[in-house]
$ cat my_file_6.cif   # mmCIF, N, CA and C atoms
data_target
loop_
_atom_site.label_atom_id
_atom_site.label_comp_id
_atom_site.auth_asym_id
_atom_site.auth_seq_id
_atom_site.Cartn_x
_atom_site.Cartn_y
_atom_site.Cartn_z
N MET E 1393 -22.07 -89.47 111.53
CA MET E 1393 -21.58 -90.06 110.30
C MET E 1393 -22.64 -91.02 109.78
N ASN E 1394 -22.85 -91.00 108.49
CA ASN E 1394 -23.77 -91.93 107.86
C ASN E 1394 -23.17 -93.33 107.86
N ASN E 1395 -24.05 -94.31 107.83
CA ASN E 1395 -23.65 -95.71 107.70
C ASN E 1395 -22.88 -96.26 108.89
N ARG E 1396 -23.14 -95.80 110.08
CA ARG E 1396 -22.41 -96.31 111.26
C ARG E 1396 -22.56 -97.81 111.40
N LYS E 1397 -23.78 -98.30 111.25
CA LYS E 1397 -24.01 -99.74 111.38
C LYS E 1397 -23.33 -100.50 110.24
N ASP E 1398 -23.37 -99.95 109.04
CA ASP E 1398 -22.72 -100.60 107.89
C ASP E 1398 -21.21 -100.71 108.11
N ILE E 1399 -20.61 -99.66 108.63
CA ILE E 1399 -19.17 -99.68 108.89
C ILE E 1399 -18.85 -100.70 109.97
N ARG E 1400 -19.64 -100.75 111.04
CA ARG E 1400 -19.42 -101.73 112.11
C ARG E 1400 -19.59 -103.15 111.56
N ASP E 1401 -20.63 -103.38 110.75
CA ASP E 1401 -20.85 -104.70 110.14
C ASP E 1401 -19.68 -105.08 109.23
N LEU E 1402 -19.20 -104.13 108.47
CA LEU E 1402 -18.07 -104.37 107.57
C LEU E 1402 -16.83 -104.78 108.37
N ILE E 1403 -16.55 -104.05 109.42
CA ILE E 1403 -15.39 -104.36 110.27
C ILE E 1403 -15.54 -105.76 110.87
N ASN E 1404 -16.72 -106.10 111.38
CA ASN E 1404 -16.95 -107.41 111.96
C ASN E 1404 -16.79 -108.53 110.93
N THR E 1405 -17.30 -108.31 109.73
CA THR E 1405 -17.20 -109.32 108.67
C THR E 1405 -15.76 -109.57 108.28
N VAL E 1406 -15.00 -108.50 108.05
CA VAL E 1406 -13.59 -108.65 107.67
C VAL E 1406 -12.81 -109.27 108.82
N ASN E 1407 -13.10 -108.86 110.03
CA ASN E 1407 -12.40 -109.39 111.21
C ASN E 1407 -12.64 -110.90 111.35
N ASP E 1408 -13.88 -111.34 111.21
CA ASP E 1408 -14.18 -112.77 111.31
C ASP E 1408 -13.47 -113.57 110.22
N HIS E 1409 -13.46 -113.04 109.01
CA HIS E 1409 -12.79 -113.72 107.89
C HIS E 1409 -11.29 -113.77 108.15
N TYR E 1410 -10.74 -112.69 108.66
CA TYR E 1410 -9.31 -112.63 108.99
C TYR E 1410 -8.93 -113.75 109.95
N TYR E 1411 -9.73 -113.91 111.00
CA TYR E 1411 -9.44 -114.95 111.99
C TYR E 1411 -9.57 -116.34 111.41
N ALA E 1412 -10.59 -116.56 110.59
CA ALA E 1412 -10.77 -117.88 109.98
C ALA E 1412 -9.58 -118.22 109.08
N CYS E 1413 -9.10 -117.24 108.32
CA CYS E 1413 -7.91 -117.45 107.47
C CYS E 1413 -6.68 -117.70 108.33
N SER E 1414 -6.55 -116.95 109.40
CA SER E 1414 -5.39 -117.09 110.28
C SER E 1414 -5.31 -118.49 110.86
N LYS E 1415 -6.44 -119.05 111.23
CA LYS E 1415 -6.46 -120.40 111.77
C LYS E 1415 -5.98 -121.42 110.74
N LEU E 1416 -6.38 -121.25 109.49
CA LEU E 1416 -6.00 -122.20 108.45
C LEU E 1416 -4.50 -122.13 108.18
N ILE E 1417 -3.94 -120.94 108.07
CA ILE E 1417 -2.51 -120.89 107.73
C ILE E 1417 -1.64 -121.30 108.90
N LYS E 1418 -2.10 -121.15 110.11
CA LYS E 1418 -1.32 -121.64 111.25
C LYS E 1418 -1.29 -123.16 111.24
N LYS E 1419 -2.39 -123.75 110.79
CA LYS E 1419 -2.50 -125.20 110.77
C LYS E 1419 -1.65 -125.82 109.65
N THR E 1420 -1.51 -125.12 108.54
CA THR E 1420 -0.84 -125.69 107.37
C THR E 1420 0.22 -124.74 106.82
N ALA E 1421 1.02 -124.19 107.70
CA ALA E 1421 1.98 -123.15 107.31
C ALA E 1421 3.05 -123.64 106.35
N TYR E 1422 3.21 -124.93 106.18
CA TYR E 1422 4.26 -125.46 105.32
C TYR E 1422 3.85 -125.49 103.84
N ASP E 1423 2.59 -125.29 103.52
CA ASP E 1423 2.11 -125.38 102.15
C ASP E 1423 2.67 -124.27 101.26
N THR E 1424 2.70 -124.53 99.96
CA THR E 1424 3.20 -123.53 99.01
C THR E 1424 2.26 -122.34 98.88
N ILE E 1425 1.03 -122.51 99.24
CA ILE E 1425 0.05 -121.43 99.15
C ILE E 1425 0.21 -120.44 100.31
N TYR E 1426 0.97 -120.82 101.28
CA TYR E 1426 1.10 -120.03 102.52
C TYR E 1426 1.39 -118.56 102.26
N ARG E 1427 2.35 -118.27 101.39
CA ARG E 1427 2.73 -116.87 101.17
C ARG E 1427 1.58 -116.05 100.60
N SER E 1428 0.85 -116.62 99.65
CA SER E 1428 -0.28 -115.89 99.06
C SER E 1428 -1.37 -115.63 100.10
N VAL E 1429 -1.68 -116.65 100.88
CA VAL E 1429 -2.70 -116.50 101.92
C VAL E 1429 -2.23 -115.50 102.97
N SER E 1430 -0.96 -115.57 103.30
CA SER E 1430 -0.40 -114.64 104.28
C SER E 1430 -0.53 -113.19 103.79
N ARG E 1431 -0.25 -112.98 102.51
CA ARG E 1431 -0.40 -111.62 101.95
C ARG E 1431 -1.87 -111.18 101.98
N PHE E 1432 -2.78 -112.11 101.69
CA PHE E 1432 -4.20 -111.78 101.71
C PHE E 1432 -4.63 -111.31 103.10
N ILE E 1433 -4.25 -112.07 104.12
CA ILE E 1433 -4.69 -111.67 105.47
C ILE E 1433 -3.95 -110.43 105.96
N THR E 1434 -2.76 -110.18 105.45
CA THR E 1434 -2.07 -108.93 105.76
C THR E 1434 -2.87 -107.76 105.20
N LEU E 1435 -3.42 -107.93 104.01
CA LEU E 1435 -4.27 -106.89 103.42
C LEU E 1435 -5.54 -106.70 104.25
N GLU E 1436 -6.13 -107.81 104.71
CA GLU E 1436 -7.32 -107.70 105.56
C GLU E 1436 -6.99 -106.92 106.83
N ARG E 1437 -5.88 -107.25 107.42
CA ARG E 1437 -5.47 -106.57 108.65
C ARG E 1437 -5.28 -105.08 108.40
N SER E 1438 -4.65 -104.74 107.27
CA SER E 1438 -4.44 -103.34 106.92
C SER E 1438 -5.77 -102.62 106.71
N LEU E 1439 -6.71 -103.28 106.04
CA LEU E 1439 -8.04 -102.68 105.85
C LEU E 1439 -8.69 -102.43 107.20
N LEU E 1440 -8.63 -103.40 108.09
CA LEU E 1440 -9.20 -103.22 109.43
C LEU E 1440 -8.55 -102.05 110.16
N ASP E 1441 -7.22 -101.98 110.09
CA ASP E 1441 -6.51 -100.87 110.74
C ASP E 1441 -6.96 -99.52 110.20
N GLU E 1442 -7.22 -99.47 108.89
CA GLU E 1442 -7.66 -98.22 108.25
C GLU E 1442 -9.11 -97.89 108.59
N LEU E 1443 -9.94 -98.89 108.80
CA LEU E 1443 -11.37 -98.67 109.06
C LEU E 1443 -11.68 -98.31 110.50
N ILE E 1444 -10.90 -98.80 111.43
CA ILE E 1444 -11.18 -98.59 112.86
C ILE E 1444 -11.42 -97.12 113.21
N PRO E 1445 -10.61 -96.17 112.69
CA PRO E 1445 -10.88 -94.77 113.05
C PRO E 1445 -12.26 -94.27 112.61
N PHE E 1446 -12.88 -94.92 111.64
CA PHE E 1446 -14.20 -94.50 111.17
C PHE E 1446 -15.33 -95.15 111.96
N ASP E 1447 -15.00 -96.04 112.86
CA ASP E 1447 -15.99 -96.72 113.68
C ASP E 1447 -16.22 -95.90 114.93
N ASP E 1448 -17.47 -95.51 115.16
CA ASP E 1448 -17.78 -94.68 116.33
C ASP E 1448 -17.45 -95.36 117.65
N GLU E 1449 -17.50 -96.69 117.67
CA GLU E 1449 -17.22 -97.41 118.91
C GLU E 1449 -15.72 -97.48 119.19
N LYS E 1450 -14.91 -97.27 118.18
CA LYS E 1450 -13.44 -97.26 118.30
C LYS E 1450 -12.91 -98.45 119.10
N VAL E 1451 -13.46 -99.61 118.81
CA VAL E 1451 -13.00 -100.81 119.50
C VAL E 1451 -11.62 -101.21 119.00
N THR E 1452 -10.87 -101.81 119.87
CA THR E 1452 -9.57 -102.35 119.48
C THR E 1452 -9.78 -103.84 119.23
N LEU E 1453 -9.46 -104.26 118.03
CA LEU E 1453 -9.64 -105.68 117.70
C LEU E 1453 -8.44 -106.47 118.20
N PRO E 1454 -8.68 -107.61 118.82
CA PRO E 1454 -7.58 -108.44 119.33
C PRO E 1454 -6.94 -109.24 118.21
N PHE E 1455 -5.79 -108.80 117.71
CA PHE E 1455 -5.15 -109.46 116.59
C PHE E 1455 -4.16 -110.54 116.98
N ALA E 1456 -4.00 -110.80 118.25
CA ALA E 1456 -3.05 -111.81 118.67
C ALA E 1456 -3.56 -113.19 118.28
N VAL E 1457 -2.66 -114.06 117.89
CA VAL E 1457 -3.01 -115.41 117.45
C VAL E 1457 -3.78 -116.15 118.54
N GLN E 1458 -3.43 -115.96 119.79
CA GLN E 1458 -4.11 -116.67 120.86
C GLN E 1458 -5.54 -116.19 121.04
N ASN E 1459 -5.92 -115.09 120.40
CA ASN E 1459 -7.27 -114.55 120.53
C ASN E 1459 -8.17 -114.94 119.36
N LEU E 1460 -7.90 -116.04 118.70
CA LEU E 1460 -8.69 -116.43 117.54
C LEU E 1460 -10.11 -116.81 117.90
N GLY E 1461 -10.33 -117.15 119.13
CA GLY E 1461 -11.69 -117.35 119.63
C GLY E 1461 -12.48 -118.42 118.92
N ASN E 1462 -13.77 -118.19 118.84
CA ASN E 1462 -14.70 -119.17 118.29
C ASN E 1462 -15.02 -118.92 116.82
N THR E 1463 -14.20 -118.17 116.14
CA THR E 1463 -14.46 -117.95 114.72
C THR E 1463 -14.32 -119.27 113.98
N PRO E 1464 -15.05 -119.41 112.88
CA PRO E 1464 -14.96 -120.67 112.13
C PRO E 1464 -13.57 -120.87 111.54
N THR E 1465 -13.26 -122.10 111.26
CA THR E 1465 -12.00 -122.43 110.60
C THR E 1465 -12.34 -123.04 109.25
N PHE E 1466 -11.64 -122.61 108.23
CA PHE E 1466 -11.85 -123.21 106.91
C PHE E 1466 -11.22 -124.60 106.91
N ARG E 1467 -11.87 -125.54 106.27
CA ARG E 1467 -11.36 -126.91 106.21
C ARG E 1467 -10.28 -127.06 105.15
N SER E 1468 -10.28 -126.17 104.18
CA SER E 1468 -9.31 -126.29 103.09
C SER E 1468 -9.07 -124.91 102.47
N TYR E 1469 -8.02 -124.85 101.66
CA TYR E 1469 -7.75 -123.60 100.95
C TYR E 1469 -8.84 -123.32 99.92
N ARG E 1470 -9.43 -124.34 99.33
CA ARG E 1470 -10.53 -124.14 98.39
C ARG E 1470 -11.72 -123.47 99.08
N GLU E 1471 -12.04 -123.94 100.28
CA GLU E 1471 -13.13 -123.34 101.04
C GLU E 1471 -12.79 -121.89 101.37
N MET E 1472 -11.55 -121.64 101.76
CA MET E 1472 -11.13 -120.28 102.06
C MET E 1472 -11.19 -119.40 100.81
N LEU E 1473 -10.77 -119.95 99.67
CA LEU E 1473 -10.80 -119.21 98.42
C LEU E 1473 -12.23 -118.77 98.09
N GLN E 1474 -13.18 -119.67 98.27
CA GLN E 1474 -14.58 -119.32 98.02
C GLN E 1474 -15.03 -118.21 98.98
N ALA E 1475 -14.63 -118.31 100.24
CA ALA E 1475 -14.98 -117.27 101.22
C ALA E 1475 -14.29 -115.95 100.86
N ASN E 1476 -13.06 -116.01 100.35
CA ASN E 1476 -12.37 -114.79 99.91
C ASN E 1476 -13.16 -114.12 98.79
N ARG E 1477 -13.61 -114.91 97.84
CA ARG E 1477 -14.39 -114.36 96.72
C ARG E 1477 -15.69 -113.73 97.22
N GLU E 1478 -16.34 -114.38 98.17
CA GLU E 1478 -17.57 -113.82 98.74
C GLU E 1478 -17.28 -112.53 99.50
N LEU E 1479 -16.17 -112.51 100.23
CA LEU E 1479 -15.79 -111.29 100.95
C LEU E 1479 -15.53 -110.15 99.96
N ILE E 1480 -14.85 -110.44 98.88
CA ILE E 1480 -14.56 -109.41 97.87
C ILE E 1480 -15.86 -108.88 97.25
N LYS E 1481 -16.82 -109.77 96.97
CA LYS E 1481 -18.12 -109.32 96.46
C LYS E 1481 -18.82 -108.42 97.47
N TYR E 1482 -18.77 -108.83 98.73
CA TYR E 1482 -19.38 -108.04 99.80
C TYR E 1482 -18.72 -106.66 99.89
N LEU E 1483 -17.40 -106.63 99.88
CA LEU E 1483 -16.70 -105.35 99.98
C LEU E 1483 -16.99 -104.46 98.78
N THR E 1484 -17.04 -105.06 97.60
CA THR E 1484 -17.36 -104.30 96.39
C THR E 1484 -18.76 -103.70 96.50
N HIS E 1485 -19.71 -104.48 96.99
CA HIS E 1485 -21.07 -103.97 97.21
C HIS E 1485 -21.06 -102.82 98.22
N MET E 1486 -20.29 -102.98 99.28
CA MET E 1486 -20.27 -101.96 100.34
C MET E 1486 -19.70 -100.62 99.86
N THR E 1487 -18.88 -100.63 98.83
CA THR E 1487 -18.36 -99.35 98.31
C THR E 1487 -19.50 -98.48 97.77
N SER E 1488 -20.57 -99.11 97.30
CA SER E 1488 -21.70 -98.33 96.80
C SER E 1488 -22.71 -97.99 97.92
N VAL E 1489 -22.66 -98.73 99.02
CA VAL E 1489 -23.58 -98.51 100.13
C VAL E 1489 -23.07 -97.43 101.07
N ILE E 1490 -21.79 -97.45 101.36
CA ILE E 1490 -21.19 -96.51 102.30
C ILE E 1490 -21.17 -95.12 101.67
N GLU E 1491 -21.73 -94.17 102.35
CA GLU E 1491 -21.81 -92.81 101.82
C GLU E 1491 -20.57 -91.98 102.12
N ASN E 1492 -19.78 -92.41 103.05
CA ASN E 1492 -18.56 -91.69 103.39
C ASN E 1492 -17.52 -91.96 102.30
N VAL E 1493 -17.11 -90.92 101.59
CA VAL E 1493 -16.20 -91.07 100.46
C VAL E 1493 -14.85 -91.63 100.89
N ASP E 1494 -14.35 -91.21 102.04
CA ASP E 1494 -13.07 -91.72 102.52
C ASP E 1494 -13.12 -93.23 102.79
N VAL E 1495 -14.18 -93.67 103.44
CA VAL E 1495 -14.33 -95.10 103.74
C VAL E 1495 -14.53 -95.89 102.45
N SER E 1496 -15.37 -95.37 101.59
CA SER E 1496 -15.62 -96.05 100.32
C SER E 1496 -14.34 -96.18 99.49
N SER E 1497 -13.52 -95.15 99.49
CA SER E 1497 -12.24 -95.19 98.77
C SER E 1497 -11.29 -96.21 99.38
N LEU E 1498 -11.22 -96.25 100.70
CA LEU E 1498 -10.39 -97.25 101.38
C LEU E 1498 -10.82 -98.66 101.02
N ILE E 1499 -12.12 -98.90 101.08
CA ILE E 1499 -12.63 -100.23 100.77
C ILE E 1499 -12.29 -100.60 99.33
N SER E 1500 -12.48 -99.66 98.43
CA SER E 1500 -12.19 -99.91 97.02
C SER E 1500 -10.72 -100.26 96.79
N TYR E 1501 -9.83 -99.49 97.40
CA TYR E 1501 -8.39 -99.72 97.26
C TYR E 1501 -7.99 -101.10 97.78
N TRP E 1502 -8.40 -101.41 99.02
CA TRP E 1502 -8.00 -102.67 99.63
C TRP E 1502 -8.67 -103.86 98.96
N THR E 1503 -9.89 -103.67 98.45
CA THR E 1503 -10.57 -104.75 97.74
C THR E 1503 -9.82 -105.11 96.46
N ALA E 1504 -9.33 -104.10 95.74
CA ALA E 1504 -8.55 -104.36 94.52
C ALA E 1504 -7.29 -105.14 94.85
N ALA E 1505 -6.62 -104.77 95.93
CA ALA E 1505 -5.41 -105.49 96.34
C ALA E 1505 -5.75 -106.93 96.75
N MET E 1506 -6.85 -107.10 97.47
CA MET E 1506 -7.27 -108.45 97.87
C MET E 1506 -7.62 -109.30 96.65
N GLN E 1507 -8.21 -108.69 95.63
CA GLN E 1507 -8.56 -109.44 94.41
C GLN E 1507 -7.31 -109.99 93.75
N ILE E 1508 -6.25 -109.21 93.72
CA ILE E 1508 -4.98 -109.67 93.13
C ILE E 1508 -4.47 -110.89 93.90
N GLU E 1509 -4.48 -110.82 95.22
CA GLU E 1509 -4.01 -111.95 96.03
C GLU E 1509 -4.94 -113.15 95.91
N CYS E 1510 -6.23 -112.89 95.81
CA CYS E 1510 -7.20 -113.98 95.66
C CYS E 1510 -6.95 -114.72 94.34
N ASP E 1511 -6.67 -113.96 93.28
CA ASP E 1511 -6.35 -114.59 91.99
C ASP E 1511 -5.08 -115.42 92.09
N ASP E 1512 -4.10 -114.92 92.85
CA ASP E 1512 -2.85 -115.67 93.03
C ASP E 1512 -3.10 -116.96 93.82
N ILE E 1513 -3.92 -116.88 94.84
CA ILE E 1513 -4.26 -118.07 95.63
C ILE E 1513 -4.95 -119.10 94.72
N ALA E 1514 -5.88 -118.63 93.89
CA ALA E 1514 -6.59 -119.54 92.98
C ALA E 1514 -5.61 -120.22 92.02
N ALA E 1515 -4.67 -119.45 91.50
CA ALA E 1515 -3.67 -120.02 90.58
C ALA E 1515 -2.81 -121.06 91.29
N ARG E 1516 -2.42 -120.77 92.51
CA ARG E 1516 -1.59 -121.72 93.27
C ARG E 1516 -2.36 -122.99 93.62
N ILE E 1517 -3.65 -122.84 93.93
CA ILE E 1517 -4.47 -124.02 94.22
C ILE E 1517 -4.58 -124.88 92.97
N GLU E 1518 -4.81 -124.26 91.84
CA GLU E 1518 -4.92 -125.00 90.58
C GLU E 1518 -3.59 -125.67 90.23
N SER E 1519 -2.50 -124.95 90.45
CA SER E 1519 -1.18 -125.51 90.16
C SER E 1519 -0.90 -126.72 91.05
N GLU E 1520 -1.22 -126.60 92.33
CA GLU E 1520 -1.00 -127.70 93.26
C GLU E 1520 -1.91 -128.89 92.91
N GLN E 1521 -3.12 -128.62 92.48
CA GLN E 1521 -4.05 -129.69 92.07
C GLN E 1521 -3.51 -130.41 90.84
N THR E 1522 -2.95 -129.66 89.89
CA THR E 1522 -2.37 -130.25 88.69
C THR E 1522 -1.20 -131.16 89.04
N ILE E 1523 -0.36 -130.72 89.95
CA ILE E 1523 0.80 -131.52 90.38
C ILE E 1523 0.33 -132.81 91.04
N GLN E 1524 -0.70 -132.72 91.87
CA GLN E 1524 -1.20 -133.91 92.57
C GLN E 1524 -1.85 -134.90 91.61
N ASN E 1525 -2.41 -134.40 90.51
CA ASN E 1525 -3.09 -135.28 89.56
C ASN E 1525 -2.12 -136.00 88.63
N HIS E 1526 -0.85 -135.63 88.63
CA HIS E 1526 0.13 -136.28 87.73
C HIS E 1526 0.97 -137.27 88.46
#

$ encode --input "my_file_6.cif" --output "structure tokens"
Amino acid sequence: MNNRKDIRDLINTVNDHYYACSKLIKKTAYDTIYRSVSRFITLERSLLDELIPFDDEKVTLPFAVQNLGNTPTFRSYREMLQANRELIKYLTHMTSVIENVDVSSLISYWTAAMQIECDDIAARIESEQTIQNH
């Protein structure tokens, strides 16, 4: 299969971002943004589940909360939002790099869904900032 390293890199990138997001929402699960962030990481998890069969190494990713490991933790939802936007740019770029049409289609589909949730997170952050400023 073409792009084996690209697919492995993509899986690792999404997986690391997933864990960093998971750490933030566990820490601040009471916030109003929680549901939007939760939906975003659910989409990431779904993308990972869909990509694993295309990975030649067929590794099983440890999705248990206790396995968050040494992945970075976002200090705030704003920091996470910026990382989400960067991840979406990366995924969008990878749709043109990956030569496998099935993988490219999966990435495109899940990236569009993530963009919707990212926009919702941004709106909720702005709304919460407006409330705090009044």

$ atom_distance --input "my_file_6.cif" --atom1 "atom C of Ile1490 of chain E" --atom2 "atom C of Ile1433 of chain E"
23.4 Å

$ closest_residue --input "my_file_6.cif" --among "E:Ser1519, E:Thr1503, E:Asn1404, E:Thr1465" --to "Ile1444 of chain E" --atoms "only C-alpha atoms"
E:Asn1404

$ closest_residue --input "my_file_6.cif" --among "E:Asp1398, E:Glu1509, E:Glu1518, E:Asp1448" --to "Phe1432 of chain E" --atoms "all atoms listed in the file"
E:Glu1509

$ axis_aligned_box --input "my_file_6.cif" --around "segment 1491-1510 of chain E" --padding-each-side "6 Å" --output "JSON"
{"center_x": -12.9, "center_y": -102.8, "center_z": 98.4, "size_x": 29.8, "size_y": 35.8, "size_z": 22.6}

$ resolve_selection --input "my_file_6.cif" --expression "the PyMOL selection byres (((chain E and resi 1477 and name CA) around 12) and name CA)" --output "number ranges by chain"
E: 1409, 1432, 1470-1476, 1478-1484, 1503-1504, 1506-1511, 1513-1514

$ closest_residue --input "my_file_6.cif" --among "E:His1485, E:Lys1415, E:Arg1427, E:Arg1396" --to "Pro1464 of chain E" --atoms "all atoms listed in the file"
E:Lys1415

$ atom_distance --input "my_file_6.cif" --atom1 "atom CA of Val1406 of chain E" --atom2 "atom CA of Leu1440 of chain E"
7.2 Å

$ atom_distance --input "my_file_6.cif" --atom1 "atom CA of Glu1442 of chain E" --atom2 "atom CA of Asp1408 of chain E"
16.2 Å

$ residues_around --input "my_file_6.cif" --residues "Asn1407 of chain E" --least-positions-apart "4" --cutoff "8 Å" --atoms "only N, CA and C atoms" --output "MDAnalysis selection string"
chainID E and resid 1401:1403 1411:1413 1436:1437 1440 1453

$ closest_residue --input "my_file_6.cif" --among "E:Thr1405, E:Ser1414, E:Ser1496, E:Ser1468" --to "Val1429 of chain E" --atoms "only C-alpha atoms"
E:Ser1414
